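Student: Here it is, the structure in full.
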Amino acid sequence: MEHAEDGQICVDMLCGHQPGYYDLILMDIQMPNLNGYDATKKIRSLPDEGFSRIPILAMTANAFDEDKKKAIAMGMNGHLAKPIDVKQMMEKMAGLIG
């Protein structure tokens, strides 16, 4: 597990390794410099499918249905509301990476 302080650092870390190095991204929505939505858009637009198709789970305090729908519409594969329920997080992660 590695940590990125903002969305741009996340994109840079992903692209700094070979596809498949990371299995999944837990993406906070509210971050400095590049928020989680914009970081997801950058990742989804990468030409290498090994990067652009990585599973991304939104992690946010915004837990309304419209927030969940926006996360999916922005290209994320799921949504986790804060405070994080670890059991739910592990189930969602397992469902995405098998």
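Ordering of the structure tokens sets the chain letters (A, B, ...), residue numbers begin anew at 1 in every chain, and ligands are numbered from 1 in the order given.
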Using only C-alpha atoms, I'd like a table of the residues in region 9-53 of chain A that come within 8 Å of region 69-79 of chain A; for each, show the closest atom pair and its distance in Å rounded to one decimal, ordered by chain and ascending number, as CSV.

Tutor:
residue,atom,partner,partner_atom,distance
A:Tyr37,CA,A:Met74,CA,6.2
A:Thr40,CA,A:Gly75,CA,6.5
A:Lys41,CA,A:Met74,CA,6.6
A:Arg44,CA,A:Gly75,CA,6.9

Student: With C-alpha atoms retained, write the just-selected residues as a PDB file, in the first residue's frame.

Tutor:
ATOM      1  CA  TYR A  37     -12.895  13.307  -9.673  1.00  0.00           C
ATOM      2  CA  THR A  40     -10.013   9.747 -12.021  1.00  0.00           C
ATOM      3  CA  LYS A  41     -10.733  11.523 -15.316  1.00  0.00           C
ATOM      4  CA  ARG A  44      -9.419   6.982 -17.339  1.00  0.00           C
TER       5      ARG A  44
END

Student: Determine which residues of chain A receive a DSSP assignment of alpha helix (DSSP H), computed from the backbone, and state them as number ranges by chain.

Tutor: A: 7-15, 36-44, 49-52, 65-73, 86-97

Student: Hey, which of A:Gly7, A:Gly95, A:Gly20, A:Pro83 ends up closest to Gly50 (chain A)? Count only C-alpha atoms.

Tutor: A:Gly20

Student: Which polymer residues have any atom within 9 Å of an atom of Leu80 (chain A), counting only C-alpha atoms, with same-chain residues fewer than 5 positions away left out, as a ChimeraX atom specification?

Tutor: /A:57-61,63,68,85,88-89,92

Student: Go ahead and save the residues from that selection, with N, CA, C and O atoms, as a PDB file, in the first residue's frame.

Tutor:
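So the final result, stored in selection.pdb, reads:
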ATOM      1  N   LEU A  57     -12.018   3.134  -6.191  1.00  0.00           N
ATOM      2  CA  LEU A  57     -13.106   3.291  -5.229  1.00  0.00           C
ATOM      3  C   LEU A  57     -13.053   4.693  -4.641  1.00  0.00           C
ATOM      4  O   LEU A  57     -12.025   5.111  -4.111  1.00  0.00           O
ATOM      5  N   ALA A  58     -14.164   5.411  -4.731  1.00  0.00           N
ATOM      6  CA  ALA A  58     -14.261   6.736  -4.127  1.00  0.00           C
ATOM      7  C   ALA A  58     -14.354   6.589  -2.614  1.00  0.00           C
ATOM      8  O   ALA A  58     -15.045   5.697  -2.111  1.00  0.00           O
ATOM      9  N   MET A  59     -13.670   7.469  -1.906  1.00  0.00           N
ATOM     10  CA  MET A  59     -13.761   7.533  -0.451  1.00  0.00           C
ATOM     11  C   MET A  59     -14.088   8.971  -0.091  1.00  0.00           C
ATOM     12  O   MET A  59     -13.300   9.872  -0.357  1.00  0.00           O
ATOM     13  N   THR A  60     -15.272   9.173   0.479  1.00  0.00           N
ATOM     14  CA  THR A  60     -15.703  10.543   0.735  1.00  0.00           C
ATOM     15  C   THR A  60     -16.709  10.609   1.873  1.00  0.00           C
ATOM     16  O   THR A  60     -17.417   9.639   2.140  1.00  0.00           O
ATOM     17  N   ALA A  61     -16.770  11.768   2.501  1.00  0.00           N
ATOM     18  CA  ALA A  61     -17.789  12.001   3.525  1.00  0.00           C
ATOM     19  C   ALA A  61     -19.142  12.294   2.875  1.00  0.00           C
ATOM     20  O   ALA A  61     -20.168  12.276   3.545  1.00  0.00           O
ATOM     21  N   ALA A  63     -22.128  11.192   1.269  1.00  0.00           N
ATOM     22  CA  ALA A  63     -22.727   9.864   1.198  1.00  0.00           C
ATOM     23  C   ALA A  63     -24.130   9.852   0.601  1.00  0.00           C
ATOM     24  O   ALA A  63     -24.821   8.850   0.700  1.00  0.00           O
ATOM     25  N   LYS A  68     -22.877   9.215  -4.859  1.00  0.00           N
ATOM     26  CA  LYS A  68     -22.539   7.875  -5.354  1.00  0.00           C
ATOM     27  C   LYS A  68     -22.670   7.830  -6.873  1.00  0.00           C
ATOM     28  O   LYS A  68     -21.793   7.314  -7.568  1.00  0.00           O
ATOM     29  N   ASP A  85     -16.320   1.804   6.807  1.00  0.00           N
ATOM     30  CA  ASP A  85     -16.615   0.510   7.421  1.00  0.00           C
ATOM     31  C   ASP A  85     -15.618  -0.473   6.809  1.00  0.00           C
ATOM     32  O   ASP A  85     -15.692  -0.765   5.608  1.00  0.00           O
ATOM     33  N   GLN A  88     -16.988  -3.538   4.939  1.00  0.00           N
ATOM     34  CA  GLN A  88     -17.568  -3.154   3.647  1.00  0.00           C
ATOM     35  C   GLN A  88     -16.468  -2.825   2.639  1.00  0.00           C
ATOM     36  O   GLN A  88     -16.541  -3.224   1.482  1.00  0.00           O
ATOM     37  N   MET A  89     -15.437  -2.127   3.087  1.00  0.00           N
ATOM     38  CA  MET A  89     -14.335  -1.771   2.198  1.00  0.00           C
ATOM     39  C   MET A  89     -13.653  -3.042   1.667  1.00  0.00           C
ATOM     40  O   MET A  89     -13.383  -3.163   0.477  1.00  0.00           O
ATOM     41  N   LYS A  92     -15.845  -4.734  -0.932  1.00  0.00           N
ATOM     42  CA  LYS A  92     -15.839  -4.033  -2.221  1.00  0.00           C
ATOM     43  C   LYS A  92     -14.511  -4.228  -2.943  1.00  0.00           C
ATOM     44  O   LYS A  92     -14.474  -4.433  -4.153  1.00  0.00           O
TER      45      LYS A  92
END

Student: Would you mind telling me which residue in A:Ala81, A:Asp23, A:Leu46, A:Ile56 lies nearest to Gly98 (chain A) when using only C-alpha atoms?

Tutor: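 Nearest to Gly98 (chain A): A:Asp23.
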
Student: One decimal, Å: what's the distance from CA of Met90 (chain A) over to CA of Ser45 (chain A), could you say?

Tutor: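 Rounded to one decimal, the two atoms are 26.9 Å apart.
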
Student: Just want the 12 Å neighbourhood of Val11 (chain A), counted on only C-alpha atoms, with same-chain residues fewer than 2 positions away dropped. Output as a PyMOL selection string.

Tutor: chain A and resi 3-9+13-17+22+25+27+33-46+51-52+54+56

Student: Which one is closest to Asn62 (chain A): A:Ala94, A:Ile29, A:Val86, A:Asp48? Count only C-alpha atoms.

Tutor: A:Ile29

Student: Could you tell me, as a list of chain:residue names, which residues of region 29-83 of chain A DSSP assigns to strand (DSSP E or B) when given the backbone?

Tutor: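 Strand (DSSP E or B) assignments inside region 29-83 of chain A correspond to A:Ile56, A:Leu57, A:Ala58, A:Met59, A:Thr60, A:Gly78, A:His79, A:Leu80, A:Ala81.
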
Student: Keeping only N, CA, C and O atoms, write the selected residues as a PDB file, in the first residue's frame.

Tutor:
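result.pdb, freshly written:
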ATOM      1  N   ILE A  56     -11.098   1.854  -9.258  1.00  0.00           N
ATOM      2  CA  ILE A  56     -11.000   3.026  -8.389  1.00  0.00           C
ATOM      3  C   ILE A  56     -12.242   3.078  -7.508  1.00  0.00           C
ATOM      4  O   ILE A  56     -13.367   3.080  -8.011  1.00  0.00           O
ATOM      5  N   LEU A  57     -12.018   3.134  -6.191  1.00  0.00           N
ATOM      6  CA  LEU A  57     -13.106   3.291  -5.229  1.00  0.00           C
ATOM      7  C   LEU A  57     -13.053   4.693  -4.641  1.00  0.00           C
ATOM      8  O   LEU A  57     -12.025   5.111  -4.111  1.00  0.00           O
ATOM      9  N   ALA A  58     -14.164   5.411  -4.731  1.00  0.00           N
ATOM     10  CA  ALA A  58     -14.261   6.736  -4.127  1.00  0.00           C
ATOM     11  C   ALA A  58     -14.354   6.589  -2.614  1.00  0.00           C
ATOM     12  O   ALA A  58     -15.045   5.697  -2.111  1.00  0.00           O
ATOM     13  N   MET A  59     -13.670   7.469  -1.906  1.00  0.00           N
ATOM     14  CA  MET A  59     -13.761   7.533  -0.451  1.00  0.00           C
ATOM     15  C   MET A  59     -14.088   8.971  -0.091  1.00  0.00           C
ATOM     16  O   MET A  59     -13.300   9.872  -0.357  1.00  0.00           O
ATOM     17  N   THR A  60     -15.272   9.173   0.479  1.00  0.00           N
ATOM     18  CA  THR A  60     -15.703  10.543   0.735  1.00  0.00           C
ATOM     19  C   THR A  60     -16.709  10.609   1.873  1.00  0.00           C
ATOM     20  O   THR A  60     -17.417   9.639   2.140  1.00  0.00           O
ATOM     21  N   GLY A  78     -16.830   2.293  -7.663  1.00  0.00           N
ATOM     22  CA  GLY A  78     -17.616   2.149  -6.452  1.00  0.00           C
ATOM     23  C   GLY A  78     -17.427   3.346  -5.553  1.00  0.00           C
ATOM     24  O   GLY A  78     -16.654   4.260  -5.850  1.00  0.00           O
ATOM     25  N   HIS A  79     -18.142   3.337  -4.427  1.00  0.00           N
ATOM     26  CA  HIS A  79     -18.185   4.480  -3.519  1.00  0.00           C
ATOM     27  C   HIS A  79     -18.184   3.964  -2.091  1.00  0.00           C
ATOM     28  O   HIS A  79     -18.961   3.068  -1.752  1.00  0.00           O
ATOM     29  N   LEU A  80     -17.327   4.528  -1.262  1.00  0.00           N
ATOM     30  CA  LEU A  80     -17.283   4.220   0.163  1.00  0.00           C
ATOM     31  C   LEU A  80     -17.488   5.508   0.938  1.00  0.00           C
ATOM     32  O   LEU A  80     -16.767   6.478   0.729  1.00  0.00           O
ATOM     33  N   ALA A  81     -18.470   5.513   1.829  1.00  0.00           N
ATOM     34  CA  ALA A  81     -18.748   6.702   2.633  1.00  0.00           C
ATOM     35  C   ALA A  81     -17.914   6.668   3.913  1.00  0.00           C
ATOM     36  O   ALA A  81     -17.731   5.619   4.518  1.00  0.00           O
TER      37      ALA A  81
END

Student: Can you work out the spacing between CA of Arg53 (chain A) and CA of Leu24 (chain A) in Å, to one decimal?

Tutor: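 Computed distance, CA of Arg53 (chain A) to CA of Leu24 (chain A), equals 9.7 Å.
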